[in-house]
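model-v5.txt follows; it contains compact mmCIF, C-alpha atoms and all ligand atoms.
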```
# COMPACT_ATOMS: atom_id res chain seq x y z
CA MET F 263 -18.07 99.94 -54.93
CA ALA F 264 -18.38 100.00 -58.74
CA ARG F 265 -14.78 100.81 -59.51
CA SER F 266 -13.23 98.41 -61.95
CA ASP F 267 -12.76 99.61 -65.54
CA GLY F 268 -15.45 97.38 -66.94
CA ASP F 269 -18.13 98.47 -64.50
CA LEU F 270 -20.99 100.41 -65.93
CA ILE F 271 -23.55 102.55 -64.11
CA LEU F 272 -26.98 102.84 -65.67
CA VAL F 273 -28.79 106.12 -65.03
CA ALA F 274 -32.38 106.13 -66.26
CA GLY F 275 -33.49 109.74 -66.59
CA GLY F 276 -29.86 110.81 -66.85
CA ALA F 277 -30.60 113.71 -69.21
CA GLY F 278 -33.08 115.28 -66.80
CA PHE F 279 -32.53 117.87 -64.12
CA ILE F 280 -31.18 115.81 -61.20
CA GLY F 281 -30.08 112.99 -63.52
CA SER F 282 -27.71 115.21 -65.52
CA HIS F 283 -25.99 116.38 -62.32
CA LEU F 284 -25.70 112.80 -61.10
CA VAL F 285 -24.20 111.64 -64.40
CA LEU F 286 -21.68 114.51 -64.43
CA ARG F 287 -20.61 113.72 -60.90
CA LEU F 288 -20.19 110.00 -61.69
CA LEU F 289 -18.20 110.82 -64.83
CA SER F 290 -15.99 113.19 -62.86
CA GLU F 291 -15.22 110.29 -60.50
CA GLY F 292 -14.03 108.28 -63.51
CA ARG F 293 -17.09 106.03 -63.77
CA GLN F 294 -18.57 104.79 -67.02
CA VAL F 295 -22.19 105.77 -67.40
CA LEU F 296 -24.92 104.51 -69.66
CA CYS F 297 -27.67 107.10 -69.75
CA LEU F 298 -31.19 106.10 -70.70
CA ASP F 299 -33.70 108.85 -71.33
CA ASN F 300 -36.82 109.41 -73.45
CA LEU F 301 -36.08 113.16 -73.58
CA GLN F 302 -39.69 113.88 -72.54
CA THR F 303 -38.78 116.62 -70.08
CA ALA F 304 -34.99 116.89 -70.45
CA ARG F 305 -33.34 119.99 -71.83
CA PRO F 306 -31.42 118.96 -74.98
CA SER F 307 -28.50 121.03 -73.73
CA ASN F 308 -28.24 118.77 -70.65
CA LEU F 309 -27.23 116.01 -73.04
CA ARG F 310 -24.70 118.23 -74.78
CA LEU F 311 -23.02 118.79 -71.39
CA LEU F 312 -22.55 115.05 -71.06
CA GLU F 313 -21.77 114.01 -74.60
CA GLY F 314 -18.10 114.02 -75.47
CA HIS F 315 -17.17 112.68 -72.04
CA PRO F 316 -15.19 109.48 -72.73
CA GLY F 317 -17.10 107.43 -70.15
CA PHE F 318 -20.54 108.51 -71.36
CA ARG F 319 -23.00 106.67 -73.57
CA PHE F 320 -26.56 107.68 -74.34
CA VAL F 321 -29.47 105.49 -75.41
CA GLU F 322 -32.76 107.19 -76.22
CA ALA F 323 -35.46 104.94 -74.82
CA ASP F 324 -38.59 105.02 -72.71
CA ILE F 325 -38.48 102.69 -69.70
CA VAL F 326 -42.19 101.96 -70.16
CA ALA F 327 -41.20 99.90 -73.23
CA PRO F 328 -39.07 96.76 -72.92
CA LEU F 329 -35.47 97.88 -72.49
CA PRO F 330 -33.52 98.10 -75.76
CA ARG F 331 -30.95 95.50 -76.79
CA ALA F 332 -28.17 98.06 -76.40
CA VAL F 333 -28.92 98.09 -72.67
CA ILE F 334 -29.64 94.37 -72.16
CA ASP F 335 -26.37 93.48 -73.91
CA GLU F 336 -24.43 95.53 -71.37
CA GLY F 337 -26.07 93.68 -68.46
CA HIS F 338 -22.88 91.79 -67.55
CA ARG F 339 -21.08 95.12 -66.90
CA ILE F 340 -23.85 96.97 -65.09
CA THR F 341 -23.24 97.13 -61.34
CA ARG F 342 -25.52 100.03 -60.39
CA VAL F 343 -28.93 101.09 -61.69
CA TYR F 344 -30.25 104.53 -60.72
CA ASN F 345 -33.90 105.14 -61.60
CA LEU F 346 -34.52 108.88 -61.97
CA ALA F 347 -36.81 108.53 -64.96
CA CYS F 348 -40.11 110.35 -64.46
CA ALA F 349 -41.47 113.82 -65.08
CA ALA F 350 -41.52 115.42 -61.62
CA SER F 351 -43.18 118.79 -62.08
CA PRO F 352 -46.97 118.75 -61.42
CA PRO F 353 -47.99 120.34 -64.78
CA GLN F 354 -45.68 117.97 -66.64
CA TYR F 355 -46.55 114.72 -64.87
CA GLN F 356 -50.25 115.59 -65.07
CA ALA F 357 -50.08 116.31 -68.83
CA ASP F 358 -49.97 112.55 -69.54
CA PRO F 359 -51.05 110.86 -66.29
CA GLU F 360 -51.26 107.39 -67.83
CA HIS F 361 -47.64 107.62 -68.95
CA THR F 362 -46.60 108.93 -65.53
CA MET F 363 -48.21 105.96 -63.76
CA LEU F 364 -46.73 103.47 -66.24
CA THR F 365 -43.28 105.06 -65.97
CA ASN F 366 -43.33 104.49 -62.23
CA VAL F 367 -44.79 101.02 -62.23
CA VAL F 368 -43.90 99.33 -65.55
CA GLY F 369 -40.69 101.33 -66.01
CA THR F 370 -39.48 100.55 -62.50
CA HIS F 371 -40.33 96.90 -63.10
CA HIS F 372 -38.20 96.81 -66.26
CA LEU F 373 -35.25 98.33 -64.42
CA LEU F 374 -35.66 96.02 -61.43
CA ARG F 375 -35.62 93.01 -63.72
CA LEU F 376 -32.46 94.31 -65.35
CA ALA F 377 -30.88 94.82 -61.92
CA GLU F 378 -31.90 91.28 -60.95
CA LYS F 379 -30.34 89.74 -64.06
CA ALA F 380 -27.22 91.89 -63.84
CA ARG F 381 -26.96 91.41 -60.05
CA ALA F 382 -26.67 95.18 -59.90
CA ARG F 383 -27.73 97.37 -57.01
CA PHE F 384 -30.89 99.35 -57.78
CA LEU F 385 -31.78 102.79 -56.44
CA LEU F 386 -35.30 104.17 -56.79
CA THR F 387 -35.79 107.90 -56.54
CA SER F 388 -39.10 108.09 -54.76
CA THR F 389 -40.55 111.34 -53.53
CA SER F 390 -41.87 113.38 -50.62
CA GLU F 391 -45.15 113.17 -52.56
CA VAL F 392 -45.68 109.73 -50.99
CA TYR F 393 -46.57 111.67 -47.82
CA GLY F 394 -49.33 113.50 -49.74
CA ASP F 395 -50.75 116.45 -47.79
CA PRO F 396 -49.03 115.40 -44.57
CA GLU F 397 -50.64 115.39 -41.12
CA VAL F 398 -47.26 114.60 -39.53
CA HIS F 399 -44.74 117.41 -39.60
CA PRO F 400 -41.86 117.31 -40.30
CA GLN F 401 -42.19 114.11 -42.32
CA VAL F 402 -40.43 111.06 -40.87
CA GLU F 403 -40.02 107.95 -43.00
CA GLU F 404 -42.36 105.94 -40.75
CA TYR F 405 -45.26 108.27 -41.60
CA ARG F 406 -47.51 106.48 -44.08
CA GLY F 407 -48.83 109.60 -45.73
CA TRP F 408 -52.15 111.11 -46.71
CA THR F 409 -52.47 110.88 -50.47
CA ASN F 410 -55.59 111.05 -52.61
CA CYS F 411 -55.84 108.19 -55.08
CA THR F 412 -58.73 109.90 -56.92
CA GLY F 413 -56.96 113.24 -57.48
CA PRO F 414 -54.79 114.68 -60.25
CA ARG F 415 -51.54 114.09 -58.32
CA ALA F 416 -52.28 110.37 -57.92
CA CYS F 417 -50.56 109.34 -61.17
CA TYR F 418 -47.31 110.55 -59.59
CA ASP F 419 -47.70 110.01 -55.86
CA GLU F 420 -49.57 106.70 -56.06
CA GLY F 421 -47.27 105.68 -58.93
CA LYS F 422 -44.22 106.28 -56.73
CA ARG F 423 -45.88 104.46 -53.82
CA ALA F 424 -46.42 101.45 -56.11
CA ALA F 425 -42.82 101.73 -57.34
CA GLU F 426 -41.63 101.65 -53.72
CA ALA F 427 -43.82 98.61 -53.00
CA LEU F 428 -42.40 96.75 -56.00
CA THR F 429 -38.83 97.73 -55.12
CA PHE F 430 -39.14 96.58 -51.51
CA ASP F 431 -40.75 93.33 -52.68
CA TYR F 432 -37.75 92.67 -54.93
CA ALA F 433 -35.54 93.17 -51.87
CA ARG F 434 -37.71 90.96 -49.64
CA MET F 435 -37.64 88.21 -52.28
CA ASP F 436 -33.84 88.58 -52.58
CA ARG F 437 -34.19 89.36 -56.24
CA ALA F 438 -32.25 92.62 -56.11
CA GLU F 439 -30.29 94.72 -53.69
CA VAL F 440 -32.19 97.98 -53.42
CA ARG F 441 -32.07 101.51 -52.03
CA VAL F 442 -35.00 103.94 -51.91
CA ALA F 443 -34.55 107.72 -51.62
CA ARG F 444 -37.52 109.99 -50.96
CA ILE F 445 -36.53 113.22 -52.65
CA PHE F 446 -37.95 116.52 -51.39
CA ASN F 447 -38.14 119.69 -53.52
CA THR F 448 -34.83 120.21 -55.31
CA TYR F 449 -33.60 123.13 -57.42
CA GLY F 450 -30.55 124.35 -59.28
CA PRO F 451 -28.99 124.72 -62.73
CA ASN F 452 -30.18 122.45 -65.57
CA MET F 453 -33.86 122.85 -64.67
CA HIS F 454 -36.03 123.45 -67.69
CA PRO F 455 -37.17 127.11 -67.83
CA ASP F 456 -40.68 125.82 -68.67
CA ASP F 457 -40.55 123.15 -66.02
CA GLY F 458 -43.47 124.71 -64.14
CA ARG F 459 -42.06 124.22 -60.66
CA VAL F 460 -41.95 127.11 -58.27
CA VAL F 461 -38.22 127.91 -58.19
CA SER F 462 -37.78 127.89 -61.97
CA ASN F 463 -41.06 129.76 -62.49
CA LEU F 464 -40.26 132.54 -60.01
CA ILE F 465 -36.70 133.05 -61.24
CA CYS F 466 -37.60 133.00 -64.94
CA GLN F 467 -40.50 135.39 -64.34
CA ALA F 468 -38.26 137.73 -62.35
CA LEU F 469 -35.61 137.69 -65.08
CA SER F 470 -38.14 138.46 -67.82
CA ASP F 471 -41.10 140.81 -67.89
CA ARG F 472 -43.69 138.34 -66.64
CA PRO F 473 -45.59 138.68 -63.35
CA ILE F 474 -44.47 136.61 -60.37
CA THR F 475 -47.09 133.88 -59.88
CA ILE F 476 -48.02 132.75 -56.38
CA TYR F 477 -50.60 129.97 -56.22
CA GLY F 478 -53.11 130.30 -53.38
CA ASP F 479 -52.21 132.82 -50.67
CA GLY F 480 -48.57 131.73 -50.61
CA SER F 481 -48.75 130.43 -47.03
CA GLN F 482 -48.07 126.81 -48.06
CA THR F 483 -44.54 125.69 -47.23
CA ARG F 484 -41.81 123.74 -48.96
CA SER F 485 -38.16 122.96 -48.13
CA PHE F 486 -35.70 123.37 -50.98
CA CYS F 487 -32.52 121.38 -51.47
CA TYR F 488 -29.73 122.45 -53.81
CA VAL F 489 -29.08 119.85 -56.49
CA ALA F 490 -25.40 119.22 -55.65
CA ASP F 491 -26.41 118.25 -52.11
CA MET F 492 -29.10 115.96 -53.48
CA VAL F 493 -26.68 114.17 -55.81
CA ASP F 494 -24.25 113.71 -52.95
CA GLY F 495 -27.04 112.11 -50.89
CA LEU F 496 -28.05 109.79 -53.73
CA ILE F 497 -24.51 108.50 -54.26
CA ARG F 498 -23.96 108.04 -50.53
CA LEU F 499 -27.21 106.10 -50.29
CA MET F 500 -26.36 103.91 -53.29
CA GLU F 501 -22.93 103.08 -51.88
CA SER F 502 -24.03 102.63 -48.26
CA ASP F 503 -24.41 99.27 -46.57
CA ILE F 504 -27.66 100.09 -44.83
CA ASP F 505 -30.61 97.76 -44.33
CA PRO F 506 -32.28 98.06 -47.75
CA LEU F 507 -35.82 97.68 -46.41
CA GLN F 508 -36.06 101.31 -45.40
CA PRO F 509 -36.62 104.46 -47.42
CA ILE F 510 -34.42 107.49 -46.70
CA ASN F 511 -35.60 111.10 -46.85
CA LEU F 512 -33.22 113.37 -48.78
CA GLY F 513 -33.97 117.07 -48.64
CA ASN F 514 -33.14 120.32 -46.93
CA PRO F 515 -35.00 120.81 -43.64
CA LEU F 516 -35.07 124.61 -44.03
CA GLU F 517 -38.80 125.25 -44.49
CA LEU F 518 -40.25 128.44 -45.88
CA THR F 519 -43.53 129.67 -47.30
CA VAL F 520 -43.94 130.16 -51.03
CA SER F 521 -44.43 133.90 -50.32
CA ASP F 522 -41.12 133.99 -48.49
CA LEU F 523 -39.41 132.22 -51.39
CA ALA F 524 -40.92 134.73 -53.84
CA ALA F 525 -39.71 137.62 -51.67
CA ARG F 526 -36.18 136.21 -51.70
CA VAL F 527 -36.20 135.82 -55.49
CA VAL F 528 -37.56 139.36 -55.88
CA ALA F 529 -34.82 140.75 -53.61
CA MET F 530 -32.08 138.74 -55.31
CA THR F 531 -33.04 139.70 -58.85
CA GLY F 532 -34.19 143.25 -58.13
CA THR F 533 -37.27 142.69 -60.29
CA ARG F 534 -40.13 145.18 -60.23
CA ASN F 535 -42.55 142.78 -61.86
CA PRO F 536 -45.95 142.60 -60.12
CA VAL F 537 -46.92 139.62 -57.99
CA VAL F 538 -50.16 137.92 -59.06
CA TYR F 539 -52.12 135.37 -57.05
CA GLU F 540 -53.50 132.39 -58.96
CA PRO F 541 -55.72 129.52 -57.77
CA LEU F 542 -54.07 126.86 -55.64
CA PRO F 543 -53.87 123.60 -57.63
CA GLN F 544 -56.05 120.75 -56.34
CA ASP F 545 -54.48 118.68 -53.55
CA ASP F 546 -51.49 121.03 -53.29
CA PRO F 547 -49.79 119.96 -50.01
CA ARG F 548 -50.03 122.67 -47.34
CA ARG F 549 -46.63 122.00 -45.84
CA ARG F 550 -43.58 119.91 -46.44
CA ARG F 551 -40.35 119.51 -44.54
CA PRO F 552 -38.12 116.45 -44.31
CA ASP F 553 -36.94 114.92 -41.08
CA ILE F 554 -33.44 113.85 -42.15
CA THR F 555 -32.34 112.15 -38.94
CA ARG F 556 -32.07 108.82 -40.77
CA ALA F 557 -29.89 110.25 -43.56
CA ARG F 558 -27.70 112.01 -40.99
CA ASN F 559 -27.25 108.90 -38.86
CA LEU F 560 -26.95 106.26 -41.58
CA LEU F 561 -25.28 108.15 -44.42
CA GLY F 562 -23.50 110.97 -42.57
CA TRP F 563 -25.33 113.24 -45.00
CA GLU F 564 -26.87 116.64 -44.64
CA PRO F 565 -27.24 119.55 -47.05
CA ARG F 566 -24.33 121.99 -47.14
CA VAL F 567 -25.43 124.66 -49.62
CA SER F 568 -27.46 127.48 -48.04
CA LEU F 569 -30.66 128.64 -49.72
CA GLU F 570 -29.04 132.02 -50.36
CA ASP F 571 -26.03 130.53 -52.15
CA GLY F 572 -28.11 127.99 -54.03
CA LEU F 573 -30.60 130.59 -55.23
CA ALA F 574 -27.79 132.93 -56.28
CA LYS F 575 -26.15 130.15 -58.33
CA THR F 576 -29.50 129.19 -59.85
CA CYS F 577 -30.40 132.80 -60.71
CA GLY F 578 -26.98 133.26 -62.33
CA TRP F 579 -27.43 130.09 -64.35
CA PHE F 580 -30.93 131.04 -65.53
CA ALA F 581 -29.72 134.54 -66.41
CA GLU F 582 -27.19 133.01 -68.79
CA GLU F 583 -29.69 130.49 -70.07
CA LEU F 584 -32.23 133.22 -70.85
CA GLY F 585 -29.57 135.59 -72.22
CA VAL F 586 -30.19 138.17 -69.49
CA GLY F 587 -27.17 140.16 -68.32
CA ARG F 588 -25.86 138.89 -65.01
CA GLU F 589 -25.48 142.54 -63.97
CA MET F 590 -29.27 142.53 -63.65
CA LEU F 591 -28.95 140.38 -60.58
CA ALA F 592 -29.00 142.60 -57.53
CA ALA F 593 -27.05 140.03 -55.52
CA GLU F 594 -24.01 140.03 -57.80
N1 LIG O 1 -46.26 127.40 -56.93
C1 LIG O 1 -46.47 128.78 -56.98
N2 LIG O 1 -46.17 129.44 -58.14
C2 LIG O 1 -45.69 128.81 -59.23
C3 LIG O 1 -45.47 127.41 -59.19
C4 LIG O 1 -45.77 126.75 -58.01
O1 LIG O 1 -46.91 129.40 -56.00
O2 LIG O 1 -45.46 129.50 -60.26
C5 LIG O 1 -46.52 126.70 -55.66
C6 LIG O 1 -47.29 125.38 -55.77
O3 LIG O 1 -48.68 125.59 -55.75
C7 LIG O 1 -46.79 124.65 -54.54
C8 LIG O 1 -45.34 125.15 -54.39
O4 LIG O 1 -45.27 126.36 -55.12
O5 LIG O 1 -47.51 125.04 -53.39
C9 LIG O 1 -44.33 124.17 -54.92
O6 LIG O 1 -44.74 123.79 -56.22
P1 LIG O 1 -43.87 122.92 -57.20
O7 LIG O 1 -44.68 122.74 -58.44
O8 LIG O 1 -42.51 123.48 -57.33
O9 LIG O 1 -43.68 121.51 -56.47
P2 LIG O 1 -44.58 120.58 -55.54
O10 LIG O 1 -43.89 120.64 -54.24
O11 LIG O 1 -45.98 121.13 -55.44
O12 LIG O 1 -44.55 119.27 -56.21
```

Here is a file; write its structure as structure tokens.
Ligand code: UDP
Amino acid sequence: MARSDGDLILVAGGAGFIGSHLVLRLLSEGRQVLCLDNLQTARPSNLRLLEGHPGFRFVEADIVAPLPRAVIDEGHRITRVYNLACAASPPQYQADPEHTMLTNVVGTHHLLRLAEKARARFLLTSTSEVYGDPEVHPQVEEYRGWTNCTGPRACYDEGKRAAEALTFDYARMDRAEVRVARIFNTYGPNMHPDDGRVVSNLICQALSDRPITIYGDGSQTRSFCYVADMVDGLIRLMESDIDPLQPINLGNPLELTVSDLAARVVAMTGTRNPVVYEPLPQDDPRRRRPDITRARNLLGWEPRVSLEDGLAKTCGWFAEELGVGREMLAAE
């Protein structure tokens, strides 16, 4: 475990949605954290939550570029490297697909080389997107996926598949000790209101006067994990002594349709905004649900926060963020 005073944990993407929660949790455990972020998709206020913490340092940098001196010079203290650096929302990662691909491949390579030199343990946050539009349901880690390397999601899903390949090769060659998490849909406070993902979209629409957007007929499914559970899973995975040559699904197995999710947000917020149906994005997976047997057995991990509680917390947080009175929320 990375416990001595000098130890430093590098979190790439630490100002982002999941990254900021991970950094806060590590700081609260007394760890020293070096956060690397290009601020491409991070909310500036995420950084303000972290700054001022005695164990926190921030370096603005893009992992696609060679890592800055300020990071290399700390190599002797770095014992853990978490790679959470990549835009994860479809509209955002598709806005600059070349950068998304390079972030996953070149950026991961830079961090792996740092981990190798520092003899630090490296954790890659991969994604359920590696399963593409899955034919196997729920998704087990052995399933090799059905992705489309010619489609608009490829920069992200094929990029993450390449990042996994590189990471596992580093492990096979004994160049770094690695862990790979496949993260399923995650939600909670610190998401960007303009993130474009379904939970933030629906809640922000419900709390303002915009229509509720459902893409397609709303029958596609997803399984949503509250961010505190996800962070707990990531830390457990990083600190576990499992065989590194296996990815681990982290997500909440409770599966629901997008229509069902929208209905819950409507009920929770009491909105009367109309629901509008918009075209389904190309290659949008029809269903997604993690099989978390491996995480349960190897990490003793499973999500604890119910969808109802998680959505209520997230609605409350967005209400404050958007300056909407919390009394508007029917659930409170
Ligand atoms: N979606 C939707 N309305 C929105 C945003 C997304 O119906 O305003 C749908 C999207 O088409 C997908 C699901 O919600 O089927 C989850 O989308 P998200 O972008 O959150 O993540 P994904 O799992 O597709 O990466």

Suppose you want the space between CA of Gly317 in chain F and CA of Lys379 in chain F; what is it in Å? 22.9 Å

Tell me, as a PyMOL selection string, which residues lie within 12 Å of Ala357 in chain F, counting only C-alpha atoms; anything in the same chain fewer than 6 positions away does not count. chain F and resi 302-303+349-351+363+414-415+417-418+458

Show me which residues line ligand LIG 1 (chain O), defined as having an atom within 9 Å of a ligand atom where all atoms listed in the file count, and present them as a ChimeraX atom specification. /F:350-353,390-391,415,446-449,457-464,467,474-485,519-521,524,539-544,546-550

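Atom pair CA of Val368 in chain F / CA of Phe384 in chain F: separated by 15.2 Å.
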
When you look at Trp579 in chain F with a cut-off of 10 Å (counting only C-alpha atoms), what residues show up, excluding the ones that are within fewer than 4 positions of it in the same chain? I need them as a ChimeraX atom specification. /F:450-453,573-575,583-586,588

Counting all atoms listed in the file, the residue of F:Asp571, F:Ala468, F:Arg551, F:Leu496 that sits nearest Pro536 in chain F: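 When distances to Pro536 in chain F are compared using all atoms listed in the file, the smallest one comes from F:Ala468.
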
Looking at only C-alpha atoms, which of F:Ala416, F:Ala529, F:Val440, F:Val567 is the one that sits closest to Ile510 in chain F?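 Closest residue, counting only C-alpha atoms: F:Val440.
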
Need the shell around Ala424 in chain F: protein/DNA/RNA residues with any atom at most 12 Å away, counting all atoms listed in the file. Skip same-chain ones fewer than 3 positions apart. Format as JSON, numbers by chain? {"F": [363, 364, 365, 366, 367, 368, 369, 370, 371, 386, 388, 389, 392, 411, 416, 417, 418, 419, 420, 421, 427, 428, 429, 430, 431]}

Would you output that residue set with C-alpha atoms, as a PDB file, in the frame of the given file?
```
ATOM      1  CA  MET F 363     -48.210 105.960 -63.760  1.00  0.00           C
ATOM      2  CA  LEU F 364     -46.730 103.470 -66.240  1.00  0.00           C
ATOM      3  CA  THR F 365     -43.280 105.060 -65.970  1.00  0.00           C
ATOM      4  CA  ASN F 366     -43.330 104.490 -62.230  1.00  0.00           C
ATOM      5  CA  VAL F 367     -44.790 101.020 -62.230  1.00  0.00           C
ATOM      6  CA  VAL F 368     -43.900  99.330 -65.550  1.00  0.00           C
ATOM      7  CA  GLY F 369     -40.690 101.330 -66.010  1.00  0.00           C
ATOM      8  CA  THR F 370     -39.480 100.550 -62.500  1.00  0.00           C
ATOM      9  CA  HIS F 371     -40.330  96.900 -63.100  1.00  0.00           C
ATOM     10  CA  LEU F 386     -35.300 104.170 -56.790  1.00  0.00           C
ATOM     11  CA  SER F 388     -39.100 108.090 -54.760  1.00  0.00           C
ATOM     12  CA  THR F 389     -40.550 111.340 -53.530  1.00  0.00           C
ATOM     13  CA  VAL F 392     -45.680 109.730 -50.990  1.00  0.00           C
ATOM     14  CA  CYS F 411     -55.840 108.190 -55.080  1.00  0.00           C
ATOM     15  CA  ALA F 416     -52.280 110.370 -57.920  1.00  0.00           C
ATOM     16  CA  CYS F 417     -50.560 109.340 -61.170  1.00  0.00           C
ATOM     17  CA  TYR F 418     -47.310 110.550 -59.590  1.00  0.00           C
ATOM     18  CA  ASP F 419     -47.700 110.010 -55.860  1.00  0.00           C
ATOM     19  CA  GLU F 420     -49.570 106.700 -56.060  1.00  0.00           C
ATOM     20  CA  GLY F 421     -47.270 105.680 -58.930  1.00  0.00           C
ATOM     21  CA  ALA F 427     -43.820  98.610 -53.000  1.00  0.00           C
ATOM     22  CA  LEU F 428     -42.400  96.750 -56.000  1.00  0.00           C
ATOM     23  CA  THR F 429     -38.830  97.730 -55.120  1.00  0.00           C
ATOM     24  CA  PHE F 430     -39.140  96.580 -51.510  1.00  0.00           C
ATOM     25  CA  ASP F 431     -40.750  93.330 -52.680  1.00  0.00           C
TER      26      ASP F 431
END
```

Nearest to Thr387 in chain F by atom-to-atom distance, counting all atoms listed in the file, from F:Leu518, F:Ala425, F:Val528, F:Cys466: F:Ala425

Which protein, DNA or RNA residues have an atom at most 6 Å from (-21.3, 101.3, -66.4), counting all atoms listed in the file? List them as a VMD selection string. chain F and resid 269 to 272 294 to 296 340

Pick from F:Val326, F:Cys487, F:Cys577, F:Ala380: nearest to Ser470 in chain F, with only C-alpha atoms counted?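 Checking each of F:Val326, F:Cys487, F:Cys577, F:Ala380 against Ser470 in chain F, counting only C-alpha atoms, the winner is F:Cys577.
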
Could you state the separation of CA of Asp491 in chain F and CA of Arg566 in chain F in Å, given to one decimal place?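 So the answer is 6.6 Å.
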
For Thr555 in chain F, the closest of F:Leu512, F:Ala347, F:Leu309, F:Val538 counting all atoms listed in the file is F:Leu512

Please identify all polymer residues within 12 Å of Glu291 in chain F, counting all atoms listed in the file, omitting same-chain residues fewer than 4 positions from it, and present them as number ranges by chain. F: 264-265, 271, 284-287, 295, 315, 317, 497

Among the residues F:Leu385, F:Phe318, F:His372, F:Asp358, the one that comes closest to Pro509 in chain F [using only C-alpha atoms]: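 Checking each candidate against Pro509 in chain F, we get F:Leu385 as the closest.
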
As JSON: centre and edge lengths in Å, one decimal, of the axis-aligned box holding range 321-333 of chain F with 4 Å per side:
```
{"center_x": -35.2, "center_y": 101.3, "center_z": -73.2, "size_x": 22.0, "size_y": 19.7, "size_z": 15.1}
```

Distance query Leu301 in chain F at most 12 Å, only C-alpha atoms, self and fewer than 2 positions along chain excluded, as a compact mmCIF listing (two decimals) with C-alpha atoms, in the frame of the given file:
```txt
# COMPACT_ATOMS: atom_id res chain seq x y z
CA ALA F 274 -32.38 106.13 -66.26
CA GLY F 275 -33.49 109.74 -66.59
CA GLY F 276 -29.86 110.81 -66.85
CA ALA F 277 -30.60 113.71 -69.21
CA GLY F 278 -33.08 115.28 -66.80
CA PHE F 279 -32.53 117.87 -64.12
CA GLY F 281 -30.08 112.99 -63.52
CA SER F 282 -27.71 115.21 -65.52
CA CYS F 297 -27.67 107.10 -69.75
CA LEU F 298 -31.19 106.10 -70.70
CA ASP F 299 -33.70 108.85 -71.33
CA THR F 303 -38.78 116.62 -70.08
CA ALA F 304 -34.99 116.89 -70.45
CA ARG F 305 -33.34 119.99 -71.83
CA PRO F 306 -31.42 118.96 -74.98
CA SER F 307 -28.50 121.03 -73.73
CA ASN F 308 -28.24 118.77 -70.65
CA LEU F 309 -27.23 116.01 -73.04
CA PHE F 320 -26.56 107.68 -74.34
CA VAL F 321 -29.47 105.49 -75.41
CA GLU F 322 -32.76 107.19 -76.22
CA ALA F 323 -35.46 104.94 -74.82
CA ASP F 324 -38.59 105.02 -72.71
CA ILE F 325 -38.48 102.69 -69.70
CA ALA F 347 -36.81 108.53 -64.96
CA CYS F 348 -40.11 110.35 -64.46
CA ALA F 349 -41.47 113.82 -65.08
CA HIS F 454 -36.03 123.45 -67.69
```

Can you save range 520-528 of chain F of the given block to a file, including N, CA, C and O atoms and formatted as a PDB file, in the first residue's frame?
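Written file, result-v8.pdb:
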```
ATOM      1  N   VAL F 520     -33.768   3.617 -21.096  1.00  0.00           N
ATOM      2  CA  VAL F 520     -33.610   5.071 -21.031  1.00  0.00           C
ATOM      3  C   VAL F 520     -34.972   5.720 -20.722  1.00  0.00           C
ATOM      4  O   VAL F 520     -35.044   6.691 -19.967  1.00  0.00           O
ATOM      5  N   SER F 521     -36.059   5.159 -21.255  1.00  0.00           N
ATOM      6  CA  SER F 521     -37.399   5.698 -20.943  1.00  0.00           C
ATOM      7  C   SER F 521     -37.687   5.597 -19.450  1.00  0.00           C
ATOM      8  O   SER F 521     -38.247   6.525 -18.850  1.00  0.00           O
ATOM      9  N   ASP F 522     -37.315   4.472 -18.873  1.00  0.00           N
ATOM     10  CA  ASP F 522     -37.545   4.270 -17.441  1.00  0.00           C
ATOM     11  C   ASP F 522     -36.735   5.283 -16.631  1.00  0.00           C
ATOM     12  O   ASP F 522     -37.238   5.891 -15.670  1.00  0.00           O
ATOM     13  N   LEU F 523     -35.487   5.481 -17.045  1.00  0.00           N
ATOM     14  CA  LEU F 523     -34.645   6.478 -16.360  1.00  0.00           C
ATOM     15  C   LEU F 523     -35.292   7.867 -16.452  1.00  0.00           C
ATOM     16  O   LEU F 523     -35.385   8.597 -15.454  1.00  0.00           O
ATOM     17  N   ALA F 524     -35.767   8.216 -17.646  1.00  0.00           N
ATOM     18  CA  ALA F 524     -36.398   9.529 -17.833  1.00  0.00           C
ATOM     19  C   ALA F 524     -37.625   9.649 -16.925  1.00  0.00           C
ATOM     20  O   ALA F 524     -37.835  10.693 -16.284  1.00  0.00           O
ATOM     21  N   ALA F 525     -38.409   8.579 -16.839  1.00  0.00           N
ATOM     22  CA  ALA F 525     -39.611   8.622 -15.995  1.00  0.00           C
ATOM     23  C   ALA F 525     -39.221   8.853 -14.532  1.00  0.00           C
ATOM     24  O   ALA F 525     -39.892   9.598 -13.801  1.00  0.00           O
ATOM     25  N   ARG F 526     -38.142   8.223 -14.099  1.00  0.00           N
ATOM     26  CA  ARG F 526     -37.706   8.417 -12.705  1.00  0.00           C
ATOM     27  C   ARG F 526     -37.261   9.854 -12.457  1.00  0.00           C
ATOM     28  O   ARG F 526     -37.535  10.427 -11.403  1.00  0.00           O
ATOM     29  N   VAL F 527     -36.534  10.426 -13.437  1.00  0.00           N
ATOM     30  CA  VAL F 527     -36.073  11.810 -13.265  1.00  0.00           C
ATOM     31  C   VAL F 527     -37.276  12.750 -13.263  1.00  0.00           C
ATOM     32  O   VAL F 527     -37.349  13.695 -12.460  1.00  0.00           O
ATOM     33  N   VAL F 528     -38.240  12.488 -14.134  1.00  0.00           N
ATOM     34  CA  VAL F 528     -39.449  13.326 -14.186  1.00  0.00           C
ATOM     35  C   VAL F 528     -40.171  13.259 -12.841  1.00  0.00           C
ATOM     36  O   VAL F 528     -40.559  14.286 -12.266  1.00  0.00           O
TER      37      VAL F 528
END
```
